[in-house]
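**Student:** Input protein_24.cif, format and content: mmCIF, C-alpha atoms and all ligand atoms.
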```cif
data_target
#
loop_
_atom_site.label_atom_id
_atom_site.label_comp_id
_atom_site.auth_asym_id
_atom_site.auth_seq_id
_atom_site.Cartn_x
_atom_site.Cartn_y
_atom_site.Cartn_z
CA MET A 1 -12.02 -116.23 120.18
CA ARG A 2 -13.09 -112.57 120.32
CA ILE A 3 -10.65 -109.68 120.72
CA SER A 4 -11.88 -106.21 121.52
CA PHE A 5 -9.68 -103.23 120.60
CA CYS A 6 -10.13 -100.01 122.58
CA CYS A 7 -7.20 -97.60 122.34
CA THR A 8 -7.50 -93.83 122.78
CA ASP A 9 -5.32 -91.68 120.49
CA THR A 10 -4.47 -94.66 118.27
CA PRO A 11 -5.70 -95.09 114.68
CA ALA A 12 -7.72 -98.31 114.92
CA GLU A 13 -7.70 -99.60 111.35
CA PRO A 14 -4.06 -100.68 111.01
CA TRP A 15 -4.20 -102.35 114.42
CA LEU A 16 -7.42 -104.21 113.59
CA ASN A 17 -5.96 -105.40 110.27
CA ASP A 18 -2.62 -106.48 111.73
CA LEU A 19 -4.17 -108.14 114.80
CA GLY A 20 -6.53 -110.03 112.48
CA ALA A 21 -3.59 -111.18 110.35
CA ALA A 22 -1.57 -112.28 113.41
CA LEU A 23 -4.52 -114.13 114.98
CA PRO A 24 -6.29 -115.75 112.00
CA GLY A 25 -8.79 -117.73 114.10
CA ALA A 26 -9.90 -114.68 116.09
CA GLU A 27 -12.68 -112.17 115.53
CA VAL A 28 -11.06 -108.77 116.11
CA SER A 29 -13.27 -105.71 116.43
CA LEU A 30 -13.29 -102.12 117.60
CA TRP A 31 -15.06 -101.83 120.96
CA GLN A 32 -18.10 -99.61 121.27
CA PRO A 33 -20.71 -99.48 124.04
CA GLY A 34 -22.98 -102.53 123.80
CA ALA A 35 -20.49 -104.57 121.71
CA ALA A 36 -20.44 -108.37 122.06
CA ALA A 37 -18.40 -109.61 125.03
CA ALA A 38 -14.78 -110.51 124.16
CA ASP A 39 -12.19 -112.92 125.53
CA TYR A 40 -9.25 -110.51 125.36
CA GLY A 41 -8.86 -106.75 125.22
CA VAL A 42 -6.15 -104.70 123.53
CA VAL A 43 -6.25 -101.34 125.26
CA TRP A 44 -4.71 -97.92 125.79
CA MET A 45 -6.47 -95.55 128.20
CA PRO A 46 -9.89 -97.24 127.71
CA PRO A 47 -13.01 -95.79 129.38
CA GLN A 48 -14.39 -97.42 132.54
CA ALA A 49 -17.38 -98.65 130.48
CA PHE A 50 -15.07 -101.00 128.54
CA PHE A 51 -14.38 -102.99 131.72
CA ASP A 52 -17.85 -102.47 133.26
CA GLU A 53 -19.44 -104.19 130.26
CA GLN A 54 -16.81 -106.95 130.07
CA PRO A 55 -16.09 -108.53 133.46
CA GLN A 56 -15.46 -111.83 131.61
CA LEU A 57 -12.24 -110.63 129.89
CA ARG A 58 -9.43 -113.13 130.46
CA ALA A 59 -6.76 -110.48 129.94
CA ALA A 60 -6.35 -106.89 128.82
CA PHE A 61 -3.14 -106.12 126.93
CA ASN A 62 -1.96 -102.55 127.47
CA ILE A 63 -0.18 -101.28 124.35
CA GLY A 64 2.37 -99.41 126.42
CA ALA A 65 4.75 -100.13 129.29
CA GLY A 66 3.13 -97.78 131.82
CA VAL A 67 -0.17 -98.96 133.30
CA ASP A 68 -0.97 -95.91 135.46
CA ALA A 69 -4.08 -95.02 133.38
CA LEU A 70 -5.32 -98.63 133.56
CA LEU A 71 -4.87 -98.89 137.31
CA ARG A 72 -7.14 -95.89 137.86
CA LEU A 73 -10.06 -98.02 136.57
CA ASN A 74 -12.10 -100.76 138.23
CA VAL A 75 -11.18 -104.01 136.52
CA ALA A 76 -12.56 -107.43 137.48
CA PRO A 77 -9.97 -109.31 139.60
CA SER A 78 -10.13 -112.25 137.16
CA THR A 79 -8.98 -110.06 134.22
CA ARG A 80 -5.20 -110.22 133.98
CA LEU A 81 -3.53 -106.92 133.10
CA VAL A 82 -0.50 -107.35 130.85
CA ARG A 83 1.88 -104.54 129.89
CA LEU A 84 4.26 -104.38 126.94
CA ASP A 85 7.56 -105.91 127.80
CA ASP A 86 10.08 -103.88 125.77
CA ALA A 87 8.55 -104.66 122.33
CA GLY A 88 11.10 -102.34 120.70
CA MET A 89 10.88 -99.61 123.36
CA GLY A 90 14.16 -100.49 125.10
CA ALA A 91 16.34 -99.49 122.16
CA GLN A 92 14.40 -96.23 121.70
CA MET A 93 14.66 -95.38 125.40
CA ALA A 94 18.41 -96.08 125.36
CA GLU A 95 18.84 -93.86 122.26
CA TYR A 96 16.82 -91.04 123.78
CA VAL A 97 18.68 -91.03 127.11
CA CYS A 98 22.15 -91.39 125.56
CA HIS A 99 21.34 -88.58 123.13
CA ALA A 100 20.17 -86.24 125.91
CA LEU A 101 23.10 -87.17 128.15
CA ILE A 102 25.77 -86.75 125.48
CA ARG A 103 24.23 -83.54 124.21
CA HIS A 104 24.52 -82.14 127.71
CA TYR A 105 27.93 -83.64 128.51
CA ARG A 106 29.59 -82.45 125.27
CA GLY A 107 27.93 -79.01 125.43
CA PHE A 108 26.32 -79.30 121.99
CA ASP A 109 23.74 -76.61 122.84
CA ARG A 110 26.64 -74.18 123.21
CA TYR A 111 28.02 -75.15 119.78
CA ASP A 112 24.55 -74.57 118.28
CA GLN A 113 24.59 -71.06 119.74
CA GLN A 114 28.12 -70.48 118.43
CA LYS A 115 27.01 -71.54 114.96
CA SER A 116 24.24 -68.93 114.99
CA GLN A 117 26.95 -66.30 115.69
CA ALA A 118 29.62 -67.80 113.36
CA VAL A 119 31.90 -68.42 116.35
CA TRP A 120 34.66 -71.07 115.99
CA GLU A 121 35.71 -71.96 119.53
CA GLN A 122 36.55 -75.29 121.14
CA HIS A 123 35.74 -76.13 124.76
CA GLU A 124 37.38 -78.55 127.13
CA VAL A 125 35.70 -81.96 127.63
CA LEU A 126 35.18 -82.86 131.29
CA PRO A 127 36.39 -86.28 132.43
CA ARG A 128 33.53 -88.79 132.40
CA SER A 129 34.24 -89.52 136.05
CA ALA A 130 32.81 -86.02 136.72
CA MET A 131 29.46 -87.03 135.16
CA PRO A 132 28.07 -90.00 137.14
CA VAL A 133 24.64 -90.96 135.83
CA GLY A 134 21.89 -92.22 138.15
CA ILE A 135 19.11 -94.31 136.62
CA MET A 136 15.92 -94.51 138.71
CA GLY A 137 14.10 -97.73 137.82
CA LEU A 138 16.05 -100.79 136.71
CA GLY A 139 13.21 -102.69 135.09
CA VAL A 140 12.81 -103.72 131.46
CA LEU A 141 13.60 -100.23 130.13
CA GLY A 142 15.78 -98.85 132.93
CA GLU A 143 18.24 -101.74 132.83
CA ARG A 144 18.56 -101.34 129.07
CA VAL A 145 19.25 -97.63 129.53
CA ALA A 146 21.81 -98.30 132.28
CA ARG A 147 23.72 -100.77 130.09
CA ALA A 148 23.71 -98.36 127.14
CA VAL A 149 25.01 -95.46 129.26
CA ALA A 150 27.72 -97.71 130.73
CA GLN A 151 28.86 -98.53 127.16
CA PHE A 152 29.99 -94.89 126.89
CA ASP A 153 32.12 -95.33 130.04
CA PHE A 154 30.11 -93.00 132.27
CA PRO A 155 29.97 -94.15 135.89
CA VAL A 156 26.42 -95.54 136.32
CA ASN A 157 24.35 -95.77 139.51
CA GLY A 158 20.96 -97.46 139.58
CA TRP A 159 18.05 -97.38 142.02
CA SER A 160 15.16 -99.81 142.26
CA ARG A 161 12.65 -101.14 144.80
CA SER A 162 14.36 -104.53 145.17
CA ALA A 163 18.11 -105.23 145.23
CA LYS A 164 19.84 -105.82 141.85
CA ASP A 165 23.18 -106.99 140.61
CA ILE A 166 23.93 -105.55 137.14
CA PRO A 167 27.46 -105.47 135.71
CA CYS A 168 28.84 -101.89 135.35
CA VAL A 169 26.05 -100.47 137.55
CA ARG A 170 26.42 -99.50 141.19
CA CYS A 171 23.05 -100.60 142.50
CA PHE A 172 21.09 -98.99 145.33
CA HIS A 173 17.60 -99.92 146.42
CA GLY A 174 14.66 -98.94 148.59
CA GLU A 175 13.97 -95.75 150.48
CA GLN A 176 17.08 -96.32 152.58
CA GLY A 177 19.26 -96.32 149.45
CA LEU A 178 17.79 -93.22 147.82
CA SER A 179 19.81 -90.50 149.52
CA ASP A 180 23.20 -92.15 148.82
CA PHE A 181 22.13 -92.92 145.24
CA LEU A 182 21.26 -89.25 144.61
CA ALA A 183 24.43 -87.95 146.26
CA ALA A 184 26.51 -90.25 144.03
CA SER A 185 24.83 -88.96 140.83
CA LYS A 186 25.09 -85.81 138.73
CA VAL A 187 22.74 -86.68 135.87
CA LEU A 188 19.45 -88.18 137.04
CA VAL A 189 17.32 -90.26 134.67
CA SER A 190 13.83 -91.39 135.69
CA VAL A 191 12.49 -94.59 134.14
CA LEU A 192 10.22 -95.29 137.11
CA PRO A 193 6.56 -96.28 136.79
CA SER A 194 3.97 -93.85 138.04
CA THR A 195 2.73 -95.09 141.43
CA PRO A 196 1.67 -93.38 144.67
CA GLN A 197 5.27 -93.88 145.89
CA THR A 198 6.88 -92.19 142.87
CA ARG A 199 4.43 -89.28 142.54
CA ASP A 200 6.22 -85.97 143.33
CA LEU A 201 9.41 -87.93 144.10
CA LEU A 202 11.57 -85.49 142.12
CA ASN A 203 11.19 -82.45 144.34
CA ARG A 204 13.42 -79.84 145.96
CA GLY A 205 14.56 -82.27 148.66
CA THR A 206 15.60 -85.09 146.31
CA LEU A 207 16.88 -82.97 143.39
CA SER A 208 19.03 -80.89 145.78
CA ARG A 209 20.84 -84.09 146.78
CA LEU A 210 22.27 -84.39 143.25
CA GLN A 211 25.82 -83.16 142.76
CA LYS A 212 26.08 -79.43 141.95
CA GLY A 213 25.51 -78.73 138.26
CA GLY A 214 23.18 -81.73 138.04
CA TYR A 215 20.91 -82.48 135.11
CA LEU A 216 17.49 -84.21 134.96
CA ILE A 217 16.31 -86.47 132.14
CA ASN A 218 12.67 -87.52 132.68
CA VAL A 219 11.35 -90.19 130.32
CA ALA A 220 8.97 -91.78 132.84
CA ARG A 221 5.85 -89.80 133.83
CA GLY A 222 5.42 -86.07 134.45
CA VAL A 223 3.70 -86.46 137.84
CA GLN A 224 7.02 -87.57 139.32
CA VAL A 225 8.41 -84.01 139.01
CA VAL A 226 7.40 -81.04 141.18
CA GLU A 227 7.75 -78.55 138.34
CA GLU A 228 8.17 -75.38 140.45
CA ASP A 229 10.98 -77.06 142.41
CA LEU A 230 12.77 -78.08 139.21
CA LEU A 231 12.49 -74.54 137.79
CA ALA A 232 13.73 -72.99 141.03
CA LEU A 233 16.76 -75.31 141.25
CA ILE A 234 17.71 -74.55 137.64
CA ASP A 235 17.27 -70.81 138.13
CA GLU A 236 19.32 -70.94 141.37
CA GLY A 237 22.11 -72.78 139.50
CA HIS A 238 22.08 -76.03 141.49
CA LEU A 239 20.88 -77.84 138.36
CA ALA A 240 22.30 -77.09 134.92
CA GLY A 241 19.06 -77.98 133.13
CA ALA A 242 16.71 -80.75 132.11
CA ALA A 243 15.57 -82.81 129.15
CA LEU A 244 11.89 -83.64 129.61
CA ASP A 245 9.75 -85.98 127.53
CA VAL A 246 6.77 -86.24 129.90
CA PHE A 247 4.75 -83.64 131.80
CA ARG A 248 2.10 -83.34 134.49
CA THR A 249 -0.29 -82.04 131.82
CA GLU A 250 0.00 -83.39 128.28
CA PRO A 251 0.02 -81.80 125.76
CA LEU A 252 2.16 -79.27 127.62
CA PRO A 253 -0.03 -76.10 127.80
CA PRO A 254 1.11 -73.32 125.41
CA MET A 255 1.81 -70.84 128.23
CA HIS A 256 3.85 -73.29 130.33
CA PRO A 257 7.19 -71.81 131.48
CA PHE A 258 9.10 -74.90 130.28
CA TRP A 259 8.51 -73.99 126.61
CA ASN A 260 10.76 -70.96 126.56
CA HIS A 261 13.21 -71.88 129.28
CA PRO A 262 16.72 -71.79 127.79
CA ARG A 263 17.94 -74.70 129.91
CA ILE A 264 15.01 -77.04 129.39
CA ARG A 265 14.72 -79.26 126.34
CA ILE A 266 11.29 -80.67 125.50
CA THR A 267 9.95 -83.54 123.42
CA PRO A 268 6.25 -84.55 123.18
CA HIS A 269 6.24 -87.95 124.97
CA ILE A 270 8.16 -89.76 122.23
CA ALA A 271 11.09 -91.26 124.15
CA ALA A 272 9.84 -94.79 123.39
CA LEU A 273 6.88 -95.11 121.06
CA THR A 274 4.73 -98.21 120.75
CA LEU A 275 5.77 -100.14 117.65
CA ARG A 276 2.75 -101.88 116.13
CA SER A 277 4.32 -104.96 114.62
CA GLU A 278 6.56 -105.76 117.65
CA SER A 279 3.61 -105.18 119.99
CA ILE A 280 1.22 -107.37 118.03
CA ALA A 281 3.82 -110.16 117.79
CA GLN A 282 4.20 -110.01 121.58
CA ILE A 283 0.46 -109.86 122.29
CA SER A 284 -0.37 -112.78 119.97
CA ALA A 285 2.41 -114.91 121.50
CA LYS A 286 1.06 -114.11 124.98
CA ILE A 287 -2.52 -114.98 123.99
CA ALA A 288 -1.26 -118.35 122.69
CA ALA A 289 0.62 -118.90 125.97
CA LEU A 290 -2.39 -117.99 128.12
CA GLU A 291 -4.68 -120.25 126.04
CA ALA A 292 -2.19 -123.09 126.59
CA GLY A 293 -2.05 -122.37 130.34
CA ARG A 294 1.57 -121.17 130.22
CA PRO A 295 2.84 -118.16 132.20
CA VAL A 296 3.50 -114.84 130.44
CA ALA A 297 5.94 -112.02 131.23
CA GLY A 298 4.68 -108.51 131.93
CA LEU A 299 1.77 -109.34 134.26
CA VAL A 300 0.86 -106.25 136.24
CA ASP A 301 0.88 -106.55 140.02
CA ARG A 302 -2.06 -104.37 141.01
CA GLN A 303 -0.96 -104.11 144.65
CA ARG A 304 2.53 -102.92 143.67
CA GLY A 305 1.11 -100.56 141.05
CA TYR A 306 3.22 -101.61 138.05
P1 LIG B 1 9.26 -102.02 134.81
O1 LIG B 1 9.92 -103.12 134.04
O2 LIG B 1 8.05 -102.35 135.59
O3 LIG B 1 10.39 -101.41 135.78
C1 LIG B 1 10.09 -100.51 136.80
C2 LIG B 1 11.33 -100.29 137.65
O4 LIG B 1 11.06 -99.26 138.61
C3 LIG B 1 11.75 -101.55 138.45
O5 LIG B 1 13.14 -101.65 138.50
C4 LIG B 1 11.19 -101.26 139.83
O6 LIG B 1 11.88 -101.89 140.89
C5 LIG B 1 11.38 -99.76 139.91
N1 LIG B 1 10.49 -99.16 140.91
C6 LIG B 1 9.13 -99.15 140.95
N2 LIG B 1 8.68 -98.52 142.04
C7 LIG B 1 9.78 -98.13 142.73
C8 LIG B 1 9.97 -97.46 143.95
N3 LIG B 1 8.94 -97.03 144.70
N4 LIG B 1 11.23 -97.24 144.37
C9 LIG B 1 12.29 -97.67 143.64
N5 LIG B 1 12.18 -98.32 142.46
C10 LIG B 1 10.93 -98.55 142.02
O7 LIG B 1 8.87 -100.82 133.84
P2 LIG B 1 9.52 -100.44 132.42
O8 LIG B 1 8.99 -101.29 131.35
O9 LIG B 1 10.98 -100.35 132.60
O10 LIG B 1 8.88 -98.98 132.21
C11 LIG B 1 9.12 -97.95 133.15
C12 LIG B 1 8.24 -96.74 132.88
O11 LIG B 1 8.70 -96.02 131.73
C13 LIG B 1 6.78 -97.04 132.54
O12 LIG B 1 6.03 -97.34 133.70
C14 LIG B 1 6.33 -95.76 131.88
O13 LIG B 1 5.81 -94.86 132.84
C15 LIG B 1 7.63 -95.17 131.30
N6 LIG B 1 7.61 -95.15 129.82
C16 LIG B 1 7.72 -93.97 129.19
C17 LIG B 1 7.75 -93.92 127.80
C18 LIG B 1 7.95 -92.64 127.05
O14 LIG B 1 7.83 -92.63 125.83
N7 LIG B 1 8.26 -91.56 127.70
C19 LIG B 1 7.67 -95.12 127.07
C20 LIG B 1 7.57 -96.31 127.76
C21 LIG B 1 7.54 -96.32 129.14
P3 LIG B 1 11.92 -103.50 141.01
O15 LIG B 1 12.81 -103.95 139.86
O16 LIG B 1 12.54 -103.74 142.32
O17 LIG B 1 10.51 -103.97 140.86
C1 LIG B 2 4.42 -94.83 127.15
O1 LIG B 2 4.52 -93.83 127.78
C2 LIG B 2 4.32 -96.14 127.72
O2 LIG B 2 4.06 -96.24 128.91
O3 LIG B 2 4.49 -97.11 126.96
#
```
Show how you would write the structure in this file as structure tokens.
**Tutor:**
Amino acid sequence: MRISFCCTDTPAEPWLNDLGAALPGAEVSLWQPGAAAADYGVVWMPPQAFFDEQPQLRAAFNIGAGVDALLRLNVAPSTRLVRLDDAGMGAQMAEYVCHALIRHYRGFDRYDQQKSQAVWEQHEVLPRSAMPVGIMGLGVLGERVARAVAQFDFPVNGWSRSAKDIPCVRCFHGEQGLSDFLAASKVLVSVLPSTPQTRDLLNRGTLSRLQKGGYLINVARGVQVVEEDLLALIDEGHLAGAALDVFRTEPLPPMHPFWNHPRIRITPHIAALTLRSESIAQISAKIAALEAGRPVAGLVDRQRGY
């Protein structure tokens, strides 16, 4: 069996070594134009040529959860696209969101400022009932985030395409459920995939529906946020601020107004990083399942867009 590795922004050598060790019967190599045709691909943002030269691929394993970059390419219909299914990202996503939420809720930024001025002053803690958290996307990562937030006794709302029933989460779904979901939430967390339906979804109209003093945590994809609308709503005081991990342009350009905005916290797309050993364990188990004709989780539905 041949496995072709083609991952942008990823050091190839450790992946090639570890994939080789996990799949001892396979020939694992770094793809380059003209390379021998493979059975499976392990990919992250590959060029179109990777798929043009390899219409025979049985499956391409994306070493991330989001497949937006992959779905912009032409891929033979017979090549299954498989995304990472948690693989250690759920715990990271839950940590990131709980950290951002609690930092905001407990006013830790204010205590950091006080420290710089040697000020010893305590502030009242709001009741948690005043901080309902709305999670957009209740898939592999969103559901994990919702459960983690609920563990801290915040009221949790969730929104997805199809109806859900998750303990401790008030679930809304579909376009018809969006307005009520937003109105019931003060902190909004996006864990949605990037699709034509979610592009620009976080705009003046939707963000204004959040309760006054709302807060945005975006760990999904930057194209979901209309950045000027977010800045305007923060500057007008309807939103208290935002914690952003993803941006329309990455890396975030040096002159971007988010960098120096006092109410916007920024991280460089690290909310949930791909973990090599968990990912390789998952990919090798899925290759074994596909070879044996068994179904695998995480198959991408190209029509749906995720
Ligand atoms: P997933 O399992 O496919 O879940 C996606 C969720 O979004 C599902 O609940 C789905 O609803 C919902 N959804 C999709 N389109 C919708 C729409 N138009 N309206 C309402 N709900 C919609 O994906 P995941 O593994 O949780 O990952 C989510 C995203 O996180 C990825 O696509 C990626 O962009 C992002 N991500 C970011 C990082 C980071 O470091 N910042 C790391 C990993 C992933 P249904 O349940 O009804 O299908
Ligand atoms: C990272 O952003 C991912 O989609 O896994």
**Student:** Atom CA of Pro127 of chain A and atom CA of Pro155 of chain A are how many Å apart?
**Tutor:**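 Atom CA of Pro127 of chain A sits 10.7 Å away from atom CA of Pro155 of chain A.
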**Student:** Please return as a list in words the residues found within 10 Å of ligand LIG 2 (chain B), counting all atoms listed in the file.
**Tutor:** Trp44, Asn62, Ile63, Gly64, Ala65, Gly66, Val67, Asp68, Ala69, Arg83, Leu84, Asp85, Asp86, Ala87, Met89, Pro193, Ser194, Val219, Ala220, Arg221, Asp245, Val246, His269, Ile270, Ala271, Ala272, Leu273, Thr274 and Leu275 of chain A
**Student:** Can you list, as a PyMOL selection string, every protein, DNA or RNA residue that comes within 10 Å of Gly213 of chain A when you count only C-alpha atoms, leaving out same-chain residues fewer than 4 positions away?
**Tutor:** chain A and resi 131+186-187+233-234+237-241
**Student:** Give me, please, the distance in Å between atom CA of Val156 of chain A and atom CA of Arg144 of chain A, quoted to one decimal.
**Tutor:** 12.2 Å
**Student:** Return as AutoDock Vina command-line options the box centre and box size in Å, one decimal, for an axis-aligned box around all listed atoms of ligand LIG 1 (chain B) padded by 8 Å per side.
**Tutor:**
```
--center_x 9.5 --center_y -97.8 --center_z 135.3 --size_x 23.3 --size_y 28.4 --size_z 34.9
```
**Student:** Go through A:Ala184, A:Val119, A:Ile266, A:Ile3 one by one, measure the shortest atom-to-atom distance of each to Gly20 of chain A using only C-alpha atoms, and give the residue with the smallest value.
**Tutor:**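 Counting only C-alpha atoms, the residue closest to Gly20 of chain A is A:Ile3.
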**Student:** Need to verify the contact set: Leu299 of chain A, 9 Å, all atoms listed in the file, exclusion of same-chain residues closer than 6 positions in sequence. Can you return it as a VMD selection string?
**Tutor:** chain A and resid 80 to 83 306
**Student:** In Å to one decimal, how far is atom CA of Thr8 of chain A from atom CA of Phe247 of chain A?
**Tutor:**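 Computed distance, atom CA of Phe247 of chain A to atom CA of Thr8 of chain A, equals 18.3 Å.
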**Student:** Of the residues A:Leu141, A:Ala36, A:Leu101, A:Ala150, which is the one nearest to ligand LIG 1 (chain B), using all atoms listed in the file?
**Tutor:**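 For ligand LIG 1 (chain B), the nearest of the candidates is A:Leu141.
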**Student:** Which residues, written as a PDB file with C-alpha atoms, in the frame of the given file, have at least one atom at most 9 Å from Val97 of chain A, with all atoms listed in the file counted and residues fewer than 5 positions away on the same chain left out?
**Tutor:**
```
ATOM      1  CA  GLN A  92      14.400 -96.230 121.700  1.00  0.00           C
ATOM      2  CA  ILE A 102      25.770 -86.750 125.480  1.00  0.00           C
ATOM      3  CA  VAL A 145      19.250 -97.630 129.530  1.00  0.00           C
ATOM      4  CA  ALA A 148      23.710 -98.360 127.140  1.00  0.00           C
ATOM      5  CA  VAL A 149      25.010 -95.460 129.260  1.00  0.00           C
ATOM      6  CA  VAL A 189      17.320 -90.260 134.670  1.00  0.00           C
ATOM      7  CA  ILE A 217      16.310 -86.470 132.140  1.00  0.00           C
ATOM      8  CA  ASN A 218      12.670 -87.520 132.680  1.00  0.00           C
ATOM      9  CA  VAL A 219      11.350 -90.190 130.320  1.00  0.00           C
ATOM     10  CA  ALA A 271      11.090 -91.260 124.150  1.00  0.00           C
TER      11      ALA A 271
END
```
**Student:** For each of A:Ala35, A:Ala59, A:Met45, A:Val223, take the minimum atom-to-atom distance to Glu291 of chain A, counting all atoms listed in the file, then give the residue where this is smallest.
**Tutor:**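 Closest residue, counting all atoms listed in the file: A:Ala59.
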**Student:** Quick one: of A:Ser29, A:Thr267, A:Gln122, A:Ser4, who's nearest to ligand LIG 1 (chain B), counting all atoms listed in the file?
**Tutor:**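 Among the listed residues, A:Thr267 lies closest to ligand LIG 1 (chain B).
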**Student:** Starting from the incomplete input, reconstruct N, CA and C atoms of segment 1-20 of chain A and write that as an mmCIF file, keeping the file's coordinate frame.
**Tutor:**
```
data_model
loop_
_atom_site.group_PDB
_atom_site.id
_atom_site.type_symbol
_atom_site.label_atom_id
_atom_site.label_comp_id
_atom_site.auth_asym_id
_atom_site.auth_seq_id
_atom_site.Cartn_x
_atom_site.Cartn_y
_atom_site.Cartn_z
ATOM 1 N N MET A 1 -12.488 -117.174 119.160
ATOM 2 C CA MET A 1 -12.020 -116.230 120.180
ATOM 3 C C MET A 1 -12.320 -114.795 119.726
ATOM 4 N N ARG A 2 -12.792 -113.976 120.674
ATOM 5 C CA ARG A 2 -13.090 -112.570 120.320
ATOM 6 C C ARG A 2 -12.074 -111.634 120.988
ATOM 7 N N ILE A 3 -11.600 -110.671 120.196
ATOM 8 C CA ILE A 3 -10.650 -109.680 120.720
ATOM 9 C C ILE A 3 -11.252 -108.298 120.510
ATOM 10 N N SER A 4 -11.269 -107.527 121.586
ATOM 11 C CA SER A 4 -11.880 -106.210 121.520
ATOM 12 C C SER A 4 -10.781 -105.150 121.628
ATOM 13 N N PHE A 5 -10.729 -104.246 120.657
ATOM 14 C CA PHE A 5 -9.680 -103.230 120.600
ATOM 15 C C PHE A 5 -10.256 -101.908 121.079
ATOM 16 N N CYS A 6 -9.612 -101.278 122.045
ATOM 17 C CA CYS A 6 -10.130 -100.010 122.580
ATOM 18 C C CYS A 6 -8.955 -99.138 123.001
ATOM 19 N N CYS A 7 -8.408 -98.389 122.068
ATOM 20 C CA CYS A 7 -7.200 -97.600 122.340
ATOM 21 C C CYS A 7 -7.426 -96.137 121.973
ATOM 22 N N THR A 8 -7.377 -95.273 122.988
ATOM 23 C CA THR A 8 -7.500 -93.830 122.780
ATOM 24 C C THR A 8 -6.258 -93.329 122.042
ATOM 25 N N ASP A 9 -6.436 -92.330 121.208
ATOM 26 C CA ASP A 9 -5.320 -91.680 120.490
ATOM 27 C C ASP A 9 -4.538 -92.638 119.595
ATOM 28 N N THR A 10 -5.169 -93.691 119.109
ATOM 29 C CA THR A 10 -4.470 -94.660 118.270
ATOM 30 C C THR A 10 -5.358 -94.967 117.061
ATOM 31 N N PRO A 11 -4.865 -94.761 115.847
ATOM 32 C CA PRO A 11 -5.700 -95.090 114.680
ATOM 33 C C PRO A 11 -6.019 -96.578 114.686
ATOM 34 N N ALA A 12 -7.324 -96.913 114.691
ATOM 35 C CA ALA A 12 -7.720 -98.310 114.920
ATOM 36 C C ALA A 12 -7.464 -99.222 113.717
ATOM 37 N N GLU A 13 -7.659 -98.709 112.500
ATOM 38 C CA GLU A 13 -7.700 -99.600 111.350
ATOM 39 C C GLU A 13 -6.434 -100.449 111.164
ATOM 40 N N PRO A 14 -5.247 -99.841 111.184
ATOM 41 C CA PRO A 14 -4.060 -100.680 111.010
ATOM 42 C C PRO A 14 -3.894 -101.728 112.105
ATOM 43 N N TRP A 15 -4.289 -101.378 113.326
ATOM 44 C CA TRP A 15 -4.200 -102.350 114.420
ATOM 45 C C TRP A 15 -5.180 -103.502 114.199
ATOM 46 N N LEU A 16 -6.422 -103.153 113.802
ATOM 47 C CA LEU A 16 -7.420 -104.210 113.590
ATOM 48 C C LEU A 16 -6.963 -105.144 112.477
ATOM 49 N N ASN A 17 -6.438 -104.575 111.394
ATOM 50 C CA ASN A 17 -5.960 -105.400 110.270
ATOM 51 C C ASN A 17 -4.811 -106.295 110.700
ATOM 52 N N ASP A 18 -3.832 -105.708 111.393
ATOM 53 C CA ASP A 18 -2.620 -106.480 111.730
ATOM 54 C C ASP A 18 -2.900 -107.499 112.837
ATOM 55 N N LEU A 19 -3.794 -107.142 113.771
ATOM 56 C CA LEU A 19 -4.170 -108.140 114.800
ATOM 57 C C LEU A 19 -4.895 -109.304 114.140
ATOM 58 N N GLY A 20 -5.777 -108.982 113.193
ATOM 59 C CA GLY A 20 -6.530 -110.030 112.480
ATOM 60 C C GLY A 20 -5.574 -110.953 111.729
#
```
